[in-house]
Amino acid sequence: MTRADALTPAPPRADQDEIAVEVRGIGKRYGDLVANDDISLTIRRGEIQALLGENGAGKTTLMNVIAGMVQPDAGEIRVDGAPVVLATPRDALRHGIGTVYQHFTLVPNLSIVENIVLGTERGILLDLATARRTLDDLLPGLTLPAAPATLARNLSMGQRQRVEIIKVLYRGSRVLLLDEPTSVLTPAEVEGLFRILLRLKDEGVAVLLITHKLDEALAVSDRISVLRGGRNIAELGPDELAGADLPATRRRVVSLMFGGEPTEPVAALPRTTIADERADSPHLLSVQRVTSLGSHGAPVVRDLSLDLRAGEIFGLAGVDGNGQKELGEVVAGQRRTTHGRVLVGGREITNHGVAVAVAAGVGYVTDDRLGEGCVAAGSIADNLILKCIDRPPFARRGVLHRHAIDRNARRLIAAFDVRAPGPATRIGRLSGGNIQKVLLARELARNPKVLVCNNPTSGLDWKTTRFVLQTLREHADNGNAVLLISSELDQLFEVSDRVGVIAAGQVVATFPRRDLDAEEIGRLMLGGRP
Amino acid sequence: MTSNGPGLGRVVTPFISSLLALIAAFVVGGIFLEARGKDALGAYWLMIERGLASPLGISETMIKAAPILLVSAGLLIALKAGVWNIGVDGQFLVGALLVGVVTPAVVDDLPRGLVWLIAALVGVLGGLLWALVPALLKVRYGLNEIITTLMLNYVAVSLTAWSVKGPFRDPNTVAPQTVAIPRASRLPDIPGTDVHVGLLAGIVAIVVVALLFRSTTLGFKLWVVGQSVPAATHVGLPVGRLTVFALLASGGAAGLAGASDLLGVKGLFQGEWQPAYGLTAFALVYLARLQPLWVLPCAYLFSFLDFGGGVMARSADIPTYFVAMVEGLMLAFLAVATAWERQGGMLGKSRWRRARLDAVETSPDPADEST
């Protein structure tokens, strides 16, 4: 690695001096969940390092630890060889570590320059002229994306990102953490970002790129660290990346990220399954060319079609944010479509709302357990009847029957092995796994013809995960259809009759059980072309 | 481990902190009085003596409690459903004005019972109409009901004041007021007391609200909406309709309170009349922690304060707004007490800590949500 020392007058340093930040043995737990487990990582000057990992692999937690947002339970952080405590983001900034988050923090109604100097002013007068001069000297070649007086709200996403980068550099950062920087950018803007990163690298800035997009990581990084299950499981240095043959490296990283070889199917499920046998049986769920808009008004589900037959589990693999959650919500009646139709058992339920979908036999286990899945202050018993408040035996003529509600809860608590003192226990007091069991029990108790589950095992321990998968399999075997949305390939392979890959709002490929190919699916999940 | 037991910690803890807030408000209020050179203990004693120990005090307190109970009953429905109806005073005034206009017109031709029924319905209708505008604005256009209901209060004050000067003025007087309802047609007293039957309506309303939330599907659904709109949407409840219902119900109850005051106490609507039960009702409903049956004693307490404030003003030369100040202080202390409770200052420590841990645990990587 050669460094063009245009900015730093110091002579080329020894190897030791190239280390900007070193983290050792970082551990971080949230309750029972281990987000970071003994992670060590070295961030070097003049080097772009990619931190790759699936959602939940622990990369955001690690980034937050280095950025001073989260305090680790164990381990130490060294900056320029000296141990430091980064109690706040300000501490991190003082040690030269700057972070650009996915969600930009610019004030829309301030100009570019004002945004950059915001919070760094000395005294009470705003000296924008000096600020501009400092900016000009900051990094030769790194120019503002527009006139300094332009308001931030008039900038494109790529321009905003460049302002964010300049902002942290202006604050003296020489270590740059970027959280999924390309997720909001157009391909051309991605190119521009990479040019800036390479430029910074030449200036001796240390860059840590947090991403799950493999090809982008390969395109620009000197070093790749792979996180999986909270552990730093592999590091590919410049020698391994430089000149290596790209497809082989890609294959290797995919297998590191997603757990390598496809697991053998469970004995109960042969390689040819119901989906093959009943190829001509009627569809229980039919999604026909559906388009749906996300919260920003852009289509997140795009002209998507999908058919599920009785008795099958259709596994939908995808990296979070590719429209799978929205697809689940469309089927559940919770999100409107702009085009296309949704049929359940031949009956049209498109845009008819949740109540109609529920009546038609749709069950939906949301991934947002506490946010929308349950009423945290309510009892287990109350939460179990939320989708059938008006139905006998729970209510007759608008009057609740507490005994029936209580009996129902006792039965389901036993059947689903919910660990709780009793039906009156507030659901918010339960662990994530037990809340998940309650939500699953609520849906399955209604015996839905079509069950949509979004990441039903996320955050669950091994045993509960087994239980959930087993339950879903049994439900399908009873002649129902299950749409299992997940990013856990191992689990999808274990129980699914077919696996589809969703990317950018479309099902880009579907694999019957006998042709499951983890590597290919992983590649497609990461945006590869079919 | 009281807090982990089913219920005990949940009842005792809020009760103690409500009580502490109340005491703290009186202590601080007393310090203000002393600072102004008044005899605080003497004033408090006077209030208790005249308010709690004299027949007049008890009657007056109960009469005051009637509209407070009705307004509170409506507020309970709204607040439990997560709707902040700040506009109860406006709804009260519009209901009362309509009663003041309609009742004299029908009073001569109909039996008394029917007149009261019509007056009650008209009062409910008035309050309900005044709540309809913010309800529709909220559900249709997502406008914040706190702003719209609050602003409509000012509109209601001006509108009613103008109405009794103009279109609805009693042509036989110069004063800006509606035609008086004959004494014989006003609400009778509860037998053996000097308290008109509006109090019974108030108690019934509170009991109805208690039953609504204890054992009906409608109350259950309203509660779900109040707890979490995303959850209500997720399980398919008609959130918009339930929200409208909650606002209309609280508006209707406020209008009924207007009818009760007009038929039971005032007999006519005078310009600039604005008893403003809203702040009192808000304070006491929160003091009662949104528990309908707790509202009954709390309403008595606040009516007593109201009456006692008058006594102190007349006999101890303490401004009438002192009581409003104590109420405000109490709300502030209650906010502190609940925050304290939540952080585990009292008995609820382990419960809250666990709820927080669970919340984190379910979303393993808090910032790793998008992409």
# chains A, B, ... in the order shown; residues from 1 in each chain; ligands from 1

call {"tool": "residues_around", "arguments": {"residues": "Val102 (chain B)", "least_positions_apart": "5", "cutoff": "12 Å", "atoms": "only C-alpha atoms", "output": "list in words"}}
result
Gly95, Ala96, Leu97, Val107, Asp108, Val115, Trp116, Leu117, Ile118, Ala119, Ala120, Leu121, Val122, Gly123, Leu125, Gly126, Phe168, Thr178, Val179, Ala180, Ile181, Ala259, Leu262, Leu263, Leu268 and Phe269 of chain B

call {"tool": "write_last_selection", "arguments": {"atoms": "C-alpha atoms", "output": "PDB file, in the first residue's frame"}}
result
ATOM      1  CA  GLY B  95     -74.410  21.726  24.890  1.00  0.00           C
ATOM      2  CA  ALA B  96     -75.510  24.096  27.636  1.00  0.00           C
ATOM      3  CA  LEU B  97     -76.372  26.877  25.187  1.00  0.00           C
ATOM      4  CA  VAL B 107     -91.315  23.735  28.447  1.00  0.00           C
ATOM      5  CA  ASP B 108     -94.926  24.926  28.327  1.00  0.00           C
ATOM      6  CA  VAL B 115     -88.703  18.155  28.808  1.00  0.00           C
ATOM      7  CA  TRP B 116     -85.776  16.772  30.792  1.00  0.00           C
ATOM      8  CA  LEU B 117     -85.278  13.973  28.335  1.00  0.00           C
ATOM      9  CA  ILE B 118     -85.286  16.390  25.412  1.00  0.00           C
ATOM     10  CA  ALA B 119     -82.922  18.723  27.270  1.00  0.00           C
ATOM     11  CA  ALA B 120     -80.533  15.857  27.962  1.00  0.00           C
ATOM     12  CA  LEU B 121     -80.583  14.775  24.328  1.00  0.00           C
ATOM     13  CA  VAL B 122     -80.083  18.324  23.106  1.00  0.00           C
ATOM     14  CA  GLY B 123     -77.167  18.792  25.491  1.00  0.00           C
ATOM     15  CA  LEU B 125     -76.145  16.599  20.695  1.00  0.00           C
ATOM     16  CA  GLY B 126     -74.546  20.007  21.211  1.00  0.00           C
ATOM     17  CA  PHE B 168     -80.842  33.801  21.403  1.00  0.00           C
ATOM     18  CA  THR B 178     -81.435  33.165  27.304  1.00  0.00           C
ATOM     19  CA  VAL B 179     -85.015  32.866  28.475  1.00  0.00           C
ATOM     20  CA  ALA B 180     -85.076  31.480  32.022  1.00  0.00           C
ATOM     21  CA  ILE B 181     -86.486  28.004  32.567  1.00  0.00           C
ATOM     22  CA  ALA B 259     -77.508  20.303  30.325  1.00  0.00           C
ATOM     23  CA  LEU B 262     -78.268  24.506  33.122  1.00  0.00           C
ATOM     24  CA  LEU B 263     -81.339  22.553  34.264  1.00  0.00           C
ATOM     25  CA  LEU B 268     -80.538  30.027  31.903  1.00  0.00           C
ATOM     26  CA  PHE B 269     -77.450  30.619  29.833  1.00  0.00           C
TER      27      PHE B 269
END

call {"tool": "residues_around", "arguments": {"residues": "Met69 (chain A)", "least_positions_apart": "6", "cutoff": "8 Å", "atoms": "only C-alpha atoms", "output": "PyMOL selection string"}}
result
chain A and resi 87-89

call {"tool": "write_last_selection", "arguments": {"atoms": "C-alpha atoms", "output": "PDB file, in the first residue's frame"}}
result
ATOM      1  CA  ALA A  87     -18.808   7.082  26.545  1.00  0.00           C
ATOM      2  CA  THR A  88     -20.531   9.341  24.031  1.00  0.00           C
ATOM      3  CA  PRO A  89     -20.337  10.052  20.292  1.00  0.00           C
TER       4      PRO A  89
END

call {"tool": "closest_atom_pairs", "arguments": {"of": "region 268-310 of chain B", "to": "region 41-54 of chain B", "cutoff": "8 Å", "atoms": "only C-alpha atoms", "output": "tab-separated table"}}
result
residue	atom	partner	partner_atom	distance
B:Phe304	CA	B:Gly51	CA	6.2
B:Leu305	CA	B:Met47	CA	8.0
B:Phe307	CA	B:Gly51	CA	6.8
B:Gly308	CA	B:Met47	CA	4.7
B:Gly309	CA	B:Met47	CA	7.3

call {"tool": "write_last_selection", "arguments": {"atoms": "C-alpha atoms", "output": "CSV table (one decimal), in the first residue's frame"}}
result
chain,number,residue,atom,x,y,z
B,304,PHE,CA,-64.6,20.1,47.7
B,305,LEU,CA,-61.5,22.0,46.7
B,307,PHE,CA,-66.0,25.0,47.1
B,308,GLY,CA,-63.3,25.4,49.7
B,309,GLY,CA,-61.5,27.8,47.4

call {"tool": "atom_distance", "arguments": {"atom1": "CA of Leu209 (chain A)", "atom2": "CA of Leu62 (chain A)"}}
result
12.0 Å

call {"tool": "select_by_dssp", "arguments": {"residues": "region 37-79 of chain A", "states": "strand (DSSP E or B)", "output": "short mmCIF file (atom, residue, chain, number, x, y, z; two decimals) with C-alpha atoms, in the first residue's frame"}}
result
data_model
loop_
_atom_site.label_atom_id
_atom_site.label_comp_id
_atom_site.auth_asym_id
_atom_site.auth_seq_id
_atom_site.Cartn_x
_atom_site.Cartn_y
_atom_site.Cartn_z
CA ASP A 37 -19.16 -11.92 21.21
CA ASP A 38 -15.44 -11.37 21.72
CA ILE A 39 -14.92 -9.34 18.56
CA SER A 40 -11.50 -7.96 17.72
CA LEU A 41 -10.89 -5.66 14.80
CA THR A 42 -8.13 -3.40 13.60
CA ILE A 43 -8.84 -0.27 11.59
CA ARG A 44 -5.81 0.98 9.66
CA ILE A 48 -10.77 0.75 3.38
CA GLN A 49 -12.09 -2.10 5.42
CA ALA A 50 -15.50 -3.62 4.84
CA LEU A 51 -17.45 -5.09 7.71
CA LEU A 52 -19.76 -7.64 6.14
CA ALA A 74 -16.41 -6.39 27.72
CA GLY A 75 -13.28 -5.58 25.77
CA GLU A 76 -11.26 -2.48 25.13
CA ILE A 77 -10.81 0.12 22.44
CA ARG A 78 -7.44 1.64 21.61
CA VAL A 79 -6.95 4.76 19.56
#

call {"tool": "select_by_dssp", "arguments": {"residues": "region 94-203 of chain A", "states": "alpha helix (DSSP H)", "output": "ChimeraX atom specification"}}
result
/A:94,112-117,128-138,157-170,187-202

call {"tool": "interface_residues", "arguments": {"of": "chain A", "to": "chain B", "cutoff": "6 Å", "atoms": "only C-alpha atoms", "output": "PyMOL selection string"}}
result
chain A and resi 30-31+56+60+320-321+354-355+372-374+387+398-400+428-429+431-432

call {"tool": "closest_residue", "arguments": {"among": "A:Val168, A:Leu200, A:Met63, A:Ile502", "to": "Leu327 (chain A)", "atoms": "only C-alpha atoms"}}
result
A:Ile502

call {"tool": "residues_around", "arguments": {"residues": "region 344-349 of chain A", "least_positions_apart": "5", "cutoff": "12 Å", "atoms": "only C-alpha atoms", "output": "PyMOL selection string"}}
result
chain A and resi 281-288+306-310+330-337+354-363+448-451+480-481

call {"tool": "atom_distance", "arguments": {"atom1": "CA of Val323 (chain B)", "atom2": "CA of Ala337 (chain B)"}}
result
20.5 Å

call {"tool": "atom_distance", "arguments": {"atom1": "CA of Asp303 (chain A)", "atom2": "CA of Ser487 (chain A)"}}
result
21.6 Å

call {"tool": "residues_around", "arguments": {"residues": "Gln71 (chain A)", "least_positions_apart": "5", "cutoff": "8 Å", "atoms": "only C-alpha atoms", "output": "compact mmCIF listing (two decimals) with N, CA and C atoms, in the first residue's frame"}}
result
# COMPACT_ATOMS: atom_id res chain seq x y z
N LYS A 28 -21.04 -7.61 23.82
CA LYS A 28 -22.23 -6.81 24.15
C LYS A 28 -23.45 -7.71 24.14
N VAL A 65 -20.50 0.71 19.07
CA VAL A 65 -19.50 0.66 20.14
C VAL A 65 -18.32 1.57 19.78
N LEU A 86 -14.99 5.44 25.22
CA LEU A 86 -15.85 6.24 24.36
C LEU A 86 -17.27 6.20 24.93
N ALA A 87 -17.53 7.12 25.85
CA ALA A 87 -18.81 7.08 26.55
C ALA A 87 -19.91 7.73 25.72

call {"tool": "residues_around", "arguments": {"residues": "Ala281 (chain B)", "least_positions_apart": "3", "cutoff": "7 Å", "atoms": "only C-alpha atoms", "output": "PDB file with N, CA and C atoms, in the first residue's frame"}}
result
ATOM      1  N   ILE B  68     -68.753  17.729  37.038  1.00  0.00           N
ATOM      2  CA  ILE B  68     -67.366  17.222  37.012  1.00  0.00           C
ATOM      3  C   ILE B  68     -67.362  15.732  36.711  1.00  0.00           C
ATOM      4  N   VAL B  71     -68.307  15.222  32.931  1.00  0.00           N
ATOM      5  CA  VAL B  71     -67.183  15.575  32.054  1.00  0.00           C
ATOM      6  C   VAL B  71     -66.082  14.522  32.180  1.00  0.00           C
ATOM      7  N   SER B  72     -65.825  14.092  33.425  1.00  0.00           N
ATOM      8  CA  SER B  72     -64.764  13.102  33.641  1.00  0.00           C
ATOM      9  C   SER B  72     -65.102  11.776  32.964  1.00  0.00           C
ATOM     10  N   TYR B 277     -64.736  23.351  33.566  1.00  0.00           N
ATOM     11  CA  TYR B 277     -64.465  22.141  34.353  1.00  0.00           C
ATOM     12  C   TYR B 277     -63.320  21.322  33.753  1.00  0.00           C
ATOM     13  N   GLY B 278     -62.897  21.713  32.562  1.00  0.00           N
ATOM     14  CA  GLY B 278     -61.931  20.905  31.821  1.00  0.00           C
ATOM     15  C   GLY B 278     -60.661  20.608  32.591  1.00  0.00           C
ATOM     16  N   LEU B 284     -58.220  15.403  37.739  1.00  0.00           N
ATOM     17  CA  LEU B 284     -58.709  14.342  38.603  1.00  0.00           C
ATOM     18  C   LEU B 284     -58.715  12.995  37.891  1.00  0.00           C
ATOM     19  N   VAL B 285     -58.955  13.006  36.575  1.00  0.00           N
ATOM     20  CA  VAL B 285     -58.924  11.737  35.852  1.00  0.00           C
ATOM     21  C   VAL B 285     -57.505  11.163  35.877  1.00  0.00           C
TER      22      VAL B 285
END
